[in-house]
Structures are given as C-alpha cells and as structure tokens.
$ cat query-v2.csv   # CSV, C-alpha atoms
chain,number,residue,atom,x,y,z
K,1,MET,CA,154.4,147.2,59.9
K,2,SER,CA,152.3,149.8,58.1
K,3,THR,CA,152.9,153.5,58.7
K,4,GLY,CA,149.8,154.5,56.8
K,5,MET,CA,152.1,155.8,54.0
K,6,ASN,CA,152.0,154.5,50.4
K,7,THR,CA,155.3,153.1,49.1
K,8,LEU,CA,157.1,154.8,46.2
K,9,THR,CA,157.2,152.5,43.2
K,10,PRO,CA,160.7,151.3,42.1
K,11,VAL,CA,160.7,153.7,39.2
K,12,ILE,CA,159.6,156.7,41.2
K,13,ALA,CA,162.2,156.0,43.9
K,14,ALA,CA,164.9,155.5,41.2
K,15,SER,CA,163.8,158.7,39.5
K,16,PHE,CA,164.2,160.7,42.7
K,17,ALA,CA,167.6,159.0,43.3
K,18,GLU,CA,168.7,160.2,39.8
K,19,ILE,CA,167.2,163.8,40.0
K,20,ALA,CA,169.1,164.4,43.2
K,21,TYR,CA,172.3,164.6,41.1
K,22,ALA,CA,170.9,167.6,39.3
K,23,SER,CA,171.0,169.5,42.6
K,24,SER,CA,174.7,170.1,42.1
K,25,ARG,CA,174.4,171.3,38.5
K,26,LYS,CA,173.5,174.6,36.9
K,27,ASN,CA,169.7,175.4,37.2
K,28,GLY,CA,169.3,172.5,39.7
K,29,VAL,CA,166.5,169.8,39.5
K,30,VAL,CA,164.5,171.7,36.8
K,31,SER,CA,167.3,171.0,34.4
K,32,SER,CA,166.7,167.2,34.7
K,33,GLU,CA,164.8,165.3,32.1
K,34,LEU,CA,163.0,163.6,35.0
K,35,TYR,CA,161.6,166.8,36.4
K,36,LYS,CA,158.6,167.0,34.2
K,37,ASP,CA,157.4,163.5,35.1
K,38,LEU,CA,158.0,163.9,38.8
K,39,ASN,CA,156.5,167.3,39.0
K,40,VAL,CA,153.1,165.8,38.1
K,41,GLY,CA,152.9,164.3,41.5
K,42,PHE,CA,155.3,166.3,43.6
K,43,SER,CA,156.2,170.0,44.1
K,44,PHE,CA,159.9,170.7,44.6
K,45,SER,CA,161.2,173.0,47.3
K,46,ASP,CA,163.1,176.0,46.1
K,47,ALA,CA,165.8,175.3,48.7
K,48,LYS,CA,168.8,173.2,47.6
K,49,LEU,CA,170.5,171.1,50.1
K,50,ASP,CA,174.2,171.9,50.3
K,51,GLY,CA,176.8,169.6,52.0
K,52,VAL,CA,180.5,169.3,52.5
K,53,SER,CA,182.3,166.1,51.4
K,54,GLY,CA,185.9,165.0,50.9
K,55,SER,CA,189.0,165.7,52.9
K,56,ILE,CA,189.5,167.4,56.3
K,57,LEU,CA,190.7,170.5,54.4
K,58,GLU,CA,187.5,170.8,52.5
K,59,ARG,CA,185.5,170.6,55.8
K,60,VAL,CA,187.7,173.2,57.4
K,61,PHE,CA,187.2,175.6,54.4
K,62,ASN,CA,183.5,174.6,54.2
K,63,HIS,CA,183.7,173.7,50.5
K,64,THR,CA,180.0,173.1,49.9
K,65,THR,CA,178.2,171.6,46.9
K,66,GLY,CA,174.6,170.6,46.1
K,67,PHE,CA,173.7,167.3,47.7
K,68,GLY,CA,170.0,166.8,47.1
K,69,CYS,CA,166.5,168.1,47.1
K,70,ILE,CA,163.2,167.9,48.9
K,71,ALA,CA,159.7,167.4,47.3
K,72,LYS,CA,156.2,167.4,48.7
K,73,GLY,CA,153.4,165.2,47.4
K,74,LYS,CA,150.6,166.9,45.5
K,75,PRO,CA,147.0,165.6,46.0
K,76,GLY,CA,147.1,161.9,45.1
K,77,PRO,CA,148.7,158.7,46.5
K,78,PHE,CA,151.5,160.7,48.2
K,79,SER,CA,149.5,163.8,49.2
K,80,GLY,CA,151.4,165.7,51.9
K,81,ASP,CA,154.3,163.2,52.0
K,82,PHE,CA,157.8,164.5,51.7
K,83,VAL,CA,160.6,163.0,49.6
K,84,LEU,CA,164.2,163.7,50.6
K,85,ALA,CA,166.5,162.7,47.7
K,86,LEU,CA,170.3,162.6,48.3
K,87,ARG,CA,172.8,162.3,45.5
K,88,GLY,CA,175.7,159.9,45.1
K,89,THR,CA,179.3,160.5,44.0
K,90,GLU,CA,179.5,163.5,41.6
K,91,LYS,CA,183.0,164.9,42.0
K,92,LYS,CA,186.4,163.5,42.9
K,93,ARG,CA,186.2,164.8,46.4
K,94,ASP,CA,183.1,162.7,47.0
K,95,ILE,CA,185.1,159.5,46.3
K,96,ILE,CA,187.4,160.5,49.2
K,97,THR,CA,184.3,160.6,51.4
K,98,ASP,CA,183.1,157.2,50.1
K,99,LEU,CA,186.4,155.5,50.9
K,100,HIS,CA,187.5,157.2,54.1
K,101,CYS,CA,187.0,154.4,56.6
K,102,GLY,CA,187.2,155.7,60.1
K,103,VAL,CA,184.3,155.2,62.6
K,104,SER,CA,182.2,157.7,64.5
K,105,THR,CA,178.9,157.8,66.3
K,106,CYS,CA,175.7,158.8,64.5
K,107,ALA,CA,172.3,160.1,65.6
K,108,ASN,CA,171.1,156.7,66.9
K,109,ASP,CA,174.3,156.4,69.0
K,110,GLN,CA,175.7,153.6,66.9
K,111,PRO,CA,179.1,153.3,65.2
K,112,VAL,CA,179.1,154.2,61.5
K,113,HIS,CA,181.4,155.1,58.6
K,114,ALA,CA,183.0,158.5,59.6
K,115,GLY,CA,183.2,159.9,56.1
K,116,PHE,CA,179.5,159.3,55.4
K,117,ASN,CA,178.7,160.7,58.9
K,118,ASN,CA,180.7,163.9,58.4
K,119,THR,CA,178.9,164.6,55.1
K,120,PHE,CA,175.5,164.0,56.6
K,121,ASN,CA,176.3,166.2,59.6
K,122,SER,CA,177.0,169.1,57.1
K,123,LEU,CA,173.4,168.7,55.9
K,124,LYS,CA,171.7,168.5,59.3
K,125,LYS,CA,171.2,172.2,59.9
K,126,GLN,CA,169.3,172.7,56.6
K,127,LEU,CA,167.2,169.6,57.3
K,128,GLU,CA,166.5,170.8,60.8
K,129,ASP,CA,165.3,174.2,59.6
K,130,TYR,CA,163.2,172.8,56.8
K,131,PHE,CA,161.4,170.0,58.7
K,132,LEU,CA,161.0,172.0,61.9
K,133,GLN,CA,159.0,174.6,59.9
K,134,VAL,CA,156.8,172.0,58.1
K,135,SER,CA,156.3,170.0,61.3
K,136,LYS,CA,154.7,173.1,62.9
K,137,GLN,CA,152.2,173.1,60.1
K,138,SER,CA,151.4,169.4,60.2
K,139,LEU,CA,148.5,168.1,62.4
K,140,THR,CA,149.2,164.4,61.7
K,141,GLY,CA,153.0,164.1,61.8
K,142,LEU,CA,155.6,163.9,59.1
K,143,ASN,CA,155.7,161.2,56.4
K,144,ILE,CA,159.1,161.2,54.8
K,145,HIS,CA,160.5,159.0,52.0
K,146,VAL,CA,164.3,159.1,52.0
K,147,VAL,CA,166.0,158.1,48.7
K,148,GLY,CA,169.6,157.8,47.5
K,149,HIS,CA,172.0,156.1,45.1
K,150,SER,CA,175.6,155.2,46.0
K,151,LEU,CA,177.0,157.7,48.5
K,152,GLY,CA,173.4,159.2,48.5
K,153,GLY,CA,172.1,155.8,49.7
K,154,ALA,CA,174.6,155.9,52.7
K,155,LEU,CA,173.4,159.4,53.5
K,156,ALA,CA,169.8,158.3,53.2
K,157,ASN,CA,170.4,155.6,55.9
K,158,LEU,CA,171.8,158.2,58.3
K,159,ALA,CA,169.0,160.7,57.4
K,160,ALA,CA,166.2,158.1,58.0
K,161,ASN,CA,167.6,157.4,61.5
K,162,TRP,CA,168.0,161.1,62.3
K,163,LEU,CA,164.5,162.1,61.1
K,164,LYS,CA,162.9,159.4,63.2
K,165,LYS,CA,164.8,160.4,66.3
K,166,ARG,CA,164.5,164.2,65.8
K,167,PHE,CA,160.9,164.5,64.5
K,168,LYS,CA,159.4,161.1,65.3
K,169,ALA,CA,158.6,161.0,61.5
K,170,ASN,CA,157.2,158.0,59.7
K,171,VAL,CA,160.1,157.1,57.5
K,172,LYS,CA,160.5,154.8,54.5
K,173,LEU,CA,164.0,154.2,53.1
K,174,TYR,CA,164.9,153.5,49.4
K,175,THR,CA,168.5,153.0,48.3
K,176,PHE,CA,170.2,151.9,45.0
K,177,GLY,CA,173.7,150.5,45.0
K,178,ALA,CA,174.4,151.9,48.5
K,179,PRO,CA,177.6,151.0,50.4
K,180,ARG,CA,177.5,149.6,53.9
K,181,VAL,CA,177.1,152.3,56.5
K,182,GLY,CA,177.5,151.0,60.0
K,183,TYR,CA,178.0,148.1,62.3
K,184,PRO,CA,175.3,145.4,63.0
K,185,SER,CA,173.8,147.5,65.8
K,186,PHE,CA,173.3,150.4,63.3
K,187,ALA,CA,171.5,148.1,60.9
K,188,LEU,CA,169.2,146.9,63.6
K,189,LYS,CA,168.4,150.5,64.6
K,190,THR,CA,167.7,151.4,61.0
K,191,ILE,CA,165.2,148.5,60.7
K,192,SER,CA,163.5,149.8,63.9
K,193,ALA,CA,163.5,153.4,62.8
K,194,THR,CA,161.7,152.6,59.5
K,195,ASN,CA,159.4,149.8,60.9
K,196,ASN,CA,161.3,147.6,58.4
K,197,ASN,CA,160.1,149.8,55.4
K,198,ILE,CA,163.5,149.5,53.7
K,199,TYR,CA,163.8,148.9,49.9
K,200,ARG,CA,167.6,148.3,49.5
K,201,CYS,CA,168.0,147.7,45.7
K,202,VAL,CA,171.2,146.3,44.2
K,203,HIS,CA,172.6,144.9,41.0
K,204,ALA,CA,174.3,141.6,41.7
K,205,GLY,CA,177.5,142.7,39.9
K,206,ASP,CA,177.7,146.1,41.6
K,207,PRO,CA,180.9,146.3,43.7
K,208,VAL,CA,179.8,149.3,45.8
K,209,PRO,CA,177.4,147.4,48.1
K,210,LEU,CA,180.4,145.1,49.0
K,211,VAL,CA,182.2,148.0,50.8
K,212,PRO,CA,183.3,148.9,53.4
K,213,VAL,CA,183.9,145.2,54.3
K,214,TRP,CA,182.9,143.6,57.6
K,215,PRO,CA,182.3,144.7,60.4
K,216,PHE,CA,180.2,147.2,58.4
K,217,VAL,CA,177.0,145.5,57.3
K,218,HIS,CA,173.7,146.2,55.5
K,219,THR,CA,170.2,145.7,56.7
K,220,GLU,CA,169.6,142.1,55.7
K,221,ASP,CA,166.9,142.2,53.0
K,222,GLU,CA,167.8,143.3,49.5
K,223,TYR,CA,166.0,143.6,46.2
K,224,ILE,CA,168.0,142.3,43.3
K,225,LEU,CA,167.1,144.3,40.2
K,226,HIS,CA,169.7,142.6,38.0
K,227,GLY,CA,171.2,139.2,38.7
K,228,ALA,CA,174.4,139.0,36.7
K,229,PRO,CA,177.0,138.2,39.4
K,230,THR,CA,180.3,139.2,37.7
K,231,ILE,CA,181.6,142.4,39.4
K,232,THR,CA,181.7,145.3,36.9
K,233,ALA,CA,181.9,149.0,37.3
K,234,LYS,CA,179.0,149.5,34.9
K,235,ALA,CA,176.7,147.7,37.3
K,236,HIS,CA,176.8,150.7,39.6
K,237,SER,CA,175.5,153.3,37.0
K,238,MET,CA,172.3,155.1,37.7
K,239,THR,CA,171.4,155.9,34.1
K,240,ASN,CA,173.2,153.6,31.7
K,241,GLU,CA,171.2,150.8,30.3
K,242,THR,CA,173.8,148.1,30.9
K,243,PRO,CA,172.2,147.7,33.4
K,244,GLY,CA,171.6,151.1,35.1
K,245,TYR,CA,169.3,151.3,38.2
K,246,LEU,CA,166.8,153.6,36.5
K,247,HIS,CA,166.6,151.2,33.6
K,248,THR,CA,166.1,148.1,35.7
K,249,ALA,CA,163.7,149.7,38.1
K,250,LYS,CA,161.4,150.4,35.2
K,251,GLY,CA,160.9,146.7,34.8
K,252,PHE,CA,159.0,146.2,38.1
K,253,ARG,CA,155.7,147.7,39.0
K,254,SER,CA,156.2,146.9,42.7
K,255,TYR,CA,158.9,145.5,45.1
K,256,ALA,CA,156.8,142.3,45.4
K,257,ALA,CA,157.8,141.5,41.9
K,258,ILE,CA,161.6,141.8,42.5
K,259,ASN,CA,163.7,138.8,43.5
K,260,LYS,CA,164.9,139.2,47.1
K,261,GLY,CA,168.1,138.2,48.7
K,262,LYS,CA,169.7,138.5,52.2
K,263,GLU,CA,173.1,139.6,53.5
K,264,SER,CA,174.4,136.7,55.5
K,265,ARG,CA,174.4,136.9,59.3
K,266,LEU,CA,176.0,133.5,60.1
K,267,ARG,CA,172.9,131.7,58.9
K,268,GLN,CA,175.3,129.0,57.7
K,269,GLN,CA,178.8,127.9,58.6
K,270,VAL,CA,181.2,128.3,55.7
K,271,LYS,CA,184.6,126.6,55.6
K,272,LEU,CA,186.9,126.9,52.6
K,273,ASP,CA,189.3,124.1,51.4
K,274,TYR,CA,192.6,125.4,50.2
K,275,ASP,CA,192.8,122.8,47.5
K,276,LEU,CA,189.6,124.1,46.0
K,277,ARG,CA,190.8,127.7,46.0
K,278,LEU,CA,190.8,128.0,42.1
K,279,GLN,CA,187.0,128.0,42.2
K,280,ALA,CA,187.1,131.6,43.7
K,281,LYS,CA,186.4,134.3,41.1
K,282,PRO,CA,186.0,138.1,41.3
K,283,THR,CA,182.2,137.9,41.8
K,284,THR,CA,179.9,139.3,44.5
K,285,ARG,CA,179.0,135.7,45.4
K,286,TRP,CA,182.7,134.9,46.3
K,287,ALA,CA,183.3,138.2,48.0
K,288,ARG,CA,180.4,137.4,50.3
K,289,LYS,CA,181.4,133.7,50.7
K,290,ILE,CA,184.9,134.6,51.8
K,291,GLY,CA,183.4,137.2,54.3
K,292,GLU,CA,181.1,134.4,55.6
K,293,ALA,CA,184.1,132.1,56.1
K,294,ILE,CA,186.0,134.8,58.1
K,295,LEU,CA,182.9,135.3,60.2
K,296,THR,CA,182.5,131.6,60.8
K,297,HIS,CA,186.1,131.3,61.9
K,298,LEU,CA,185.8,134.3,64.3
K,299,HIS,CA,182.6,132.9,65.7
K,300,ALA,CA,184.3,129.5,66.3
K,301,SER,CA,187.2,131.3,68.0
K,302,GLY,CA,184.9,133.0,70.4
K,303,ARG,CA,186.2,136.4,69.3
K,304,LEU,CA,183.4,137.5,67.0
K,305,HIS,CA,181.4,139.6,69.5
K,306,ALA,CA,184.5,141.4,70.9
K,307,ILE,CA,185.6,142.5,67.4
K,308,GLN,CA,182.0,143.5,66.4
K,309,ALA,CA,181.7,145.6,69.5
K,310,ASP,CA,184.9,147.5,68.8
K,311,ILE,CA,184.3,151.1,67.7
K,312,SER,CA,187.9,152.2,67.4
K,313,ASN,CA,189.5,153.1,64.1
K,314,THR,CA,188.5,150.5,61.5
K,315,LEU,CA,192.1,149.6,60.6
K,316,THR,CA,192.6,148.5,64.2
K,317,VAL,CA,189.6,146.2,63.8
K,318,TYR,CA,191.1,144.6,60.7
K,319,ASP,CA,194.4,144.2,62.6
K,320,LYS,CA,192.4,142.4,65.3
K,321,ILE,CA,190.8,140.1,62.8
K,322,ALA,CA,194.2,139.3,61.3
K,323,LYS,CA,195.5,138.5,64.8
K,324,VAL,CA,192.7,136.1,65.5
K,325,LEU,CA,193.3,134.3,62.3
K,326,ALA,CA,197.1,134.2,62.9
K,327,ASP,CA,196.6,133.0,66.6
K,328,SER,CA,194.3,130.2,65.3
K,329,ILE,CA,197.2,128.7,63.3
K,330,ASP,CA,199.0,127.8,66.6
K,331,ILE,CA,196.0,126.3,68.3
K,332,SER,CA,195.3,123.2,66.1
K,333,LYS,CA,195.9,121.7,62.7
K,334,GLY,CA,192.2,122.1,61.9
K,335,HIS,CA,192.2,125.8,62.6
K,336,ALA,CA,195.4,126.2,60.6
K,337,ALA,CA,193.7,124.5,57.6
K,338,ASP,CA,190.7,126.8,57.9
K,339,VAL,CA,192.9,129.9,57.8
K,340,LYS,CA,194.9,128.5,54.9
K,341,GLY,CA,191.7,127.9,53.0
K,342,ILE,CA,190.5,131.5,53.7
K,343,LEU,CA,193.9,132.9,52.6
K,344,GLY,CA,194.0,130.8,49.4
K,345,HIS,CA,190.5,131.8,48.4
K,346,ILE,CA,191.3,135.5,49.0
K,347,LEU,CA,194.4,135.2,46.8
K,348,ALA,CA,192.4,133.5,44.0
K,349,PHE,CA,189.7,136.2,44.2
K,350,CYS,CA,192.4,138.8,43.8
K,351,GLY,CA,193.9,137.1,40.8
K,352,LEU,CA,196.9,135.4,42.6
K,353,PRO,CA,195.8,131.8,43.0
K,354,TYR,CA,199.3,130.3,42.9
K,355,LYS,CA,201.0,132.7,45.4
K,356,ALA,CA,202.5,130.7,48.2
K,357,VAL,CA,200.6,131.0,51.5
K,358,GLU,CA,202.6,131.7,54.7
K,359,LEU,CA,201.0,131.1,58.0
K,360,SER,CA,202.2,134.2,59.8
K,361,TYR,CA,200.5,137.3,61.2
K,362,LYS,CA,202.3,139.5,58.6
K,363,PHE,CA,201.1,137.4,55.7
K,364,VAL,CA,197.6,137.1,57.1
K,365,ARG,CA,197.4,140.9,57.5
K,366,SER,CA,198.8,141.6,54.0
K,367,THR,CA,196.4,139.2,52.4
K,368,LEU,CA,193.4,140.7,54.2
K,369,SER,CA,194.6,144.1,53.2
K,370,LEU,CA,194.8,142.9,49.6
K,371,MET,CA,191.2,141.7,49.7
K,372,ILE,CA,190.1,145.1,51.1
K,373,ALA,CA,192.1,147.0,48.5
K,374,THR,CA,190.8,144.9,45.6
K,375,LEU,CA,187.2,145.5,46.6
K,376,THR,CA,187.8,149.2,47.3
K,377,LYS,CA,189.5,149.6,43.9
K,378,MET,CA,186.5,148.0,42.2
K,379,ALA,CA,184.1,150.3,44.1
K,380,SER,CA,186.2,153.4,43.3
K,381,LEU,CA,186.2,152.6,39.6
K,382,ALA,CA,182.4,152.0,39.7
K,383,MET,CA,181.9,155.4,41.4
K,384,LYS,CA,184.0,157.1,38.7
K,385,VAL,CA,181.8,155.6,36.0
$ encode --input "query-v2.csv" --output "structure tokens"
Amino acid sequence: MSTGMNTLTPVIAASFAEIAYASSRKNGVVSSELYKDLNVGFSFSDAKLDGVSGSILERVFNHTTGFGCIAKGKPGPFSGDFVLALRGTEKKRDIITDLHCGVSTCANDQPVHAGFNNTFNSLKKQLEDYFLQVSKQSLTGLNIHVVGHSLGGALANLAANWLKKRFKANVKLYTFGAPRVGYPSFALKTISATNNNIYRCVHAGDPVPLVPVWPFVHTEDEYILHGAPTITAKAHSMTNETPGYLHTAKGFRSYAAINKGKESRLRQQVKLDYDLRLQAKPTTRWARKIGEAILTHLHASGRLHAIQADISNTLTVYDKIAKVLADSIDISKGHAADVKGILGHILAFCGLPYKAVELSYKFVRSTLSLMIATLTKMASLAMKV
C-alpha cells in the first residue's frame, strides 16, 4: 500500500545505515566519507542520538554513546521526509546487548528481545523531543524512513513501530543484516505499522539474521543482496567488498531488481531422516531447514501455539521445546524417529555428525543448546568483524 512517500534506493538506504556508525565517533557524521554525497539531498540535524547499551551496570550508570542520526530531505524526491539512521555493533558492550536474550514488551504491546528493547528505550526521550517539535510544524503529517544495520536494524524495527503508534507517522523500514527482533505477533504488527513497506536486506551467508533462534522471527519477505549460502563472519560487514552491504547495494537501482526470499512460516512440512544427517552443513539453508523441522514437529504435537504465545524468559521457552521433543519419544516410534532425525542433523550442523544420539530430555536440551550456542558464536564473530 502506498504512503505517498518515495522509497530510498538500496544504495541511499545502505549509505545511511553506514553513516549512522559515524555518530559514535569524533566529529560525528561529518567525518564520514559518505557525508558529502548524502548531504546533496539531505540536511543532517545537529543533534546526535545517544543511547545506552550493554549490561545492567551500564544502564544503571547511564553509560551513553552515539547511536545514530536524523536527516531531513531537501527539495527533491524526498523533500520534507525524515531519515532516522541507527547504527549497529560498534563496541564490545553492544555485543552484550545483541546476545542478551530475555523478553520484554515493546511499544506495540508485543514480546520482543529485551536487550534490543532496553537500548531503544534509552533513545525514546530524544526521539520524542525531536519529532514532537517537527510534527508541530508539519501540516501533512510525518514521513519517516527508518534505517539500520545489524543491531541498528533491530532498533529500526522497534523505532518504526513506536513512531507509527506515537505520531501516526508514515513509516518505511530498511534493514541490512538485522537479527530477529520479536515473536510472530511483533512481525505482523511491524508489517501493519509500515503498510508492508519493509526492505529487509540480507546476505545469504550472514549469520546475524539467523539469531535469536525461534520463537523470534523476521517479517517474511527478504531481499537477498548476495546469494552465497556458506555462513561466514565477513558476510555481515557493512563496508568490506567481500561482500559488504554497501558494496552489494550499489549493484541494484531498485528493490524490484533484487532476488526475494521468504522466512518460512510452516509453508511446508519438513521431516529429517537420521540416516541422511551427513548432508547437514553449517549454511543458512540448513540452519533454517532444521528450524522448520522443529516447527513441523511442534505443530504436529499440537504444542506450537502454546509455546509461541509464551512471553516468559526465552530460556524457559527453549526448555519447553526440548520437553515437547523429549515427550514425543515416548508417544510413538514415528515421533521418536522424527526427533532422532532432528538431533542428528543438529549435531552434523555443529560439526559432530558421529556423536551418539540419546533419546532423553537431558540430551535433547543439550543438543538444542549446542545449536543455539553455535549460531550465537557465529553471529558474535560476525559482529566483531
């Protein structure tokens, strides 16, 4: 559905995602090599957005750092539009925010990743002050493009929902290599808040969009800027040319030219045969396929909705998933074979294809934990790169 807003091209959106990082550096965005090009079409606000990330102690002591910038369109295709650009992981404490996996309720009243939500909440007062002032001067309402890479993409999802609810703004959302932010209900609300104007860009080998694992999900549609499926930390980079989101975005004049994919929502039933476990490799395809097999089994057990609706601590959710898988072993030989197939493929994905499978709750839980830890480690390495 059209909002009457033009859409940022892939390269303009990627440039804003990159220039947001300069907000935490000396001299701010003007120090970026991208400033001169973006300044042709946009004027940047003098105000720097400061946020708090990391551990509880850092939030207690209000350890703030630059988290992004705001620009306003000059006369031209984006005249009067605002761009809110939020940066990704810049310091070690940001990685703590990325991987903290509790659950809290966000502006649209849906369960989301608590670490991301805490950091966004530290930005809200500044956003409130800025957009309240500019909204008073606007006769036609606010048009806001929200952009971010990595952690910044997660924050952009939260910001888009909040700006829609707080200011009834027209919002378009652009992310690059963003992690999953919330439960399925949050993803649906995000689609509604943006009128489905979501440009979620990924590299197929980027591990960060694979975490946190289910029940966190993305909005379904994705734009695949680079198709190599082998998971590698380099695929998460914003500026490297191997592949680098800024580099790959330059290859497309519009989103219509980019290959599209979808994050699975039980469109197909997936069962895994234990004897074929050696086919599982550390690729995004297999990370997703194993997740789909788990969802298929939870759906068949009748427990999918109950777990999906759970908004308690995420570790409790994973305990419940493990319990459903373990309970299935005692119900029928068919269910036991399904669980063994899932466990065997997880072990192969994690590099342990010949480890003996035990059909017990303890082993199921430890194997599921190994999958989560492996993906999280890959994502952590990518964010450090």
$ residues_around --input "query-v2.csv" --residues "Ser185 in chain K" --least-positions-apart "5" --cutoff "10 Å" --atoms "all atoms listed in the file" --output "list of chain:residue names"
K:Asn108, K:Asp109, K:Gln110, K:Pro111, K:Val112, K:Thr190, K:Phe216, K:Val217, K:Thr219, K:Gln308, K:Ala309
$ write_last_selection --input "query-v2.csv" --atoms "C-alpha atoms" --output "PDB file, in the frame of the given file"
ATOM      1  CA  ASN K 108     171.100 156.700  66.900  1.00  0.00           C
ATOM      2  CA  ASP K 109     174.300 156.400  69.000  1.00  0.00           C
ATOM      3  CA  GLN K 110     175.700 153.600  66.900  1.00  0.00           C
ATOM      4  CA  PRO K 111     179.100 153.300  65.200  1.00  0.00           C
ATOM      5  CA  VAL K 112     179.100 154.200  61.500  1.00  0.00           C
ATOM      6  CA  THR K 190     167.700 151.400  61.000  1.00  0.00           C
ATOM      7  CA  PHE K 216     180.200 147.200  58.400  1.00  0.00           C
ATOM      8  CA  VAL K 217     177.000 145.500  57.300  1.00  0.00           C
ATOM      9  CA  THR K 219     170.200 145.700  56.700  1.00  0.00           C
ATOM     10  CA  GLN K 308     182.000 143.500  66.400  1.00  0.00           C
ATOM     11  CA  ALA K 309     181.700 145.600  69.500  1.00  0.00           C
TER      12      ALA K 309
END
$ closest_residue --input "query-v2.csv" --among "K:Val213, K:Met238, K:Val357, K:Val270" --to "Val317 in chain K" --atoms "only C-alpha atoms"
K:Val213
$ atom_distance --input "query-v2.csv" --atom1 "CA of His299 in chain K" --atom2 "CA of Asp273 in chain K"
18.1 Å
$ atom_distance --input "query-v2.csv" --atom1 "CA of Val202 in chain K" --atom2 "CA of Leu225 in chain K"
6.1 Å
$ residues_around --input "query-v2.csv" --residues "Asn6 in chain K" --least-positions-apart "3" --cutoff "10 Å" --atoms "only C-alpha atoms" --output "PDB file with C-alpha atoms, keeping the file's coordinate frame"
ATOM      1  CA  SER K   2     152.300 149.800  58.100  1.00  0.00           C
ATOM      2  CA  THR K   3     152.900 153.500  58.700  1.00  0.00           C
ATOM      3  CA  THR K   9     157.200 152.500  43.200  1.00  0.00           C
ATOM      4  CA  PRO K  77     148.700 158.700  46.500  1.00  0.00           C
ATOM      5  CA  PHE K  78     151.500 160.700  48.200  1.00  0.00           C
ATOM      6  CA  SER K  79     149.500 163.800  49.200  1.00  0.00           C
ATOM      7  CA  ASP K  81     154.300 163.200  52.000  1.00  0.00           C
ATOM      8  CA  ASN K 143     155.700 161.200  56.400  1.00  0.00           C
ATOM      9  CA  HIS K 145     160.500 159.000  52.000  1.00  0.00           C
ATOM     10  CA  LYS K 172     160.500 154.800  54.500  1.00  0.00           C
TER      11      LYS K 172
END
$ atom_distance --input "query-v2.csv" --atom1 "CA of Gly291 in chain K" --atom2 "CA of Ser150 in chain K"
21.3 Å
$ build_atoms --input "query-v2.csv" --residues "range 240-258 of chain K" --atoms "N, CA and C atoms" --output "mmCIF file, in the coordinates of the input"
data_model
loop_
_atom_site.group_PDB
_atom_site.id
_atom_site.type_symbol
_atom_site.label_atom_id
_atom_site.label_comp_id
_atom_site.auth_asym_id
_atom_site.auth_seq_id
_atom_site.Cartn_x
_atom_site.Cartn_y
_atom_site.Cartn_z
ATOM 1 N N ASN K 240 172.897 154.419 32.886
ATOM 2 C CA ASN K 240 173.200 153.600 31.700
ATOM 3 C C ASN K 240 172.181 152.441 31.620
ATOM 4 N N GLU K 241 172.092 151.873 30.445
ATOM 5 C CA GLU K 241 171.200 150.800 30.300
ATOM 6 C C GLU K 241 171.870 149.409 30.308
ATOM 7 N N THR K 242 173.092 149.398 30.824
ATOM 8 C CA THR K 242 173.800 148.100 30.900
ATOM 9 C C THR K 242 174.417 147.939 32.312
ATOM 10 N N PRO K 243 173.651 147.671 33.400
ATOM 11 C CA PRO K 243 172.200 147.700 33.400
ATOM 12 C C PRO K 243 171.560 149.024 33.747
ATOM 13 N N GLY K 244 172.130 149.767 34.700
ATOM 14 C CA GLY K 244 171.600 151.100 35.100
ATOM 15 C C GLY K 244 170.356 150.931 35.985
ATOM 16 N N TYR K 245 170.436 151.472 37.203
ATOM 17 C CA TYR K 245 169.300 151.300 38.200
ATOM 18 C C TYR K 245 168.028 151.902 37.693
ATOM 19 N N LEU K 246 168.067 153.040 37.027
ATOM 20 C CA LEU K 246 166.800 153.600 36.500
ATOM 21 C C LEU K 246 166.205 152.724 35.478
ATOM 22 N N HIS K 247 167.033 152.137 34.647
ATOM 23 C CA HIS K 247 166.600 151.200 33.600
ATOM 24 C C HIS K 247 165.953 149.963 34.197
ATOM 25 N N THR K 248 166.650 149.325 35.129
ATOM 26 C CA THR K 248 166.100 148.100 35.700
ATOM 27 C C THR K 248 164.905 148.294 36.564
ATOM 28 N N ALA K 249 164.847 149.435 37.269
ATOM 29 C CA ALA K 249 163.700 149.700 38.100
ATOM 30 C C ALA K 249 162.406 149.820 37.302
ATOM 31 N N LYS K 250 162.535 150.269 36.046
ATOM 32 C CA LYS K 250 161.400 150.400 35.200
ATOM 33 C C LYS K 250 160.716 149.061 34.868
ATOM 34 N N GLY K 251 161.442 147.986 35.090
ATOM 35 C CA GLY K 251 160.900 146.700 34.800
ATOM 36 C C GLY K 251 160.029 146.063 35.849
ATOM 37 N N PHE K 252 159.818 146.774 36.949
ATOM 38 C CA PHE K 252 159.000 146.200 38.100
ATOM 39 C C PHE K 252 157.984 147.222 38.534
ATOM 40 N N ARG K 253 156.750 146.773 38.590
ATOM 41 C CA ARG K 253 155.700 147.700 39.000
ATOM 42 C C ARG K 253 155.664 147.827 40.545
ATOM 43 N N SER K 254 156.191 146.837 41.257
ATOM 44 C CA SER K 254 156.200 146.900 42.700
ATOM 45 C C SER K 254 157.427 146.102 43.211
ATOM 46 N N TYR K 255 157.744 146.270 44.491
ATOM 47 C CA TYR K 255 158.900 145.500 45.100
ATOM 48 C C TYR K 255 158.542 144.050 45.228
ATOM 49 N N ALA K 256 157.256 143.721 45.303
ATOM 50 C CA ALA K 256 156.800 142.300 45.400
ATOM 51 C C ALA K 256 157.269 141.502 44.227
ATOM 52 N N ALA K 257 157.454 142.165 43.083
ATOM 53 C CA ALA K 257 157.800 141.500 41.900
ATOM 54 C C ALA K 257 159.319 141.245 41.713
ATOM 55 N N ILE K 258 160.110 141.821 42.626
ATOM 56 C CA ILE K 258 161.600 141.800 42.500
ATOM 57 C C ILE K 258 162.118 140.598 43.332
#
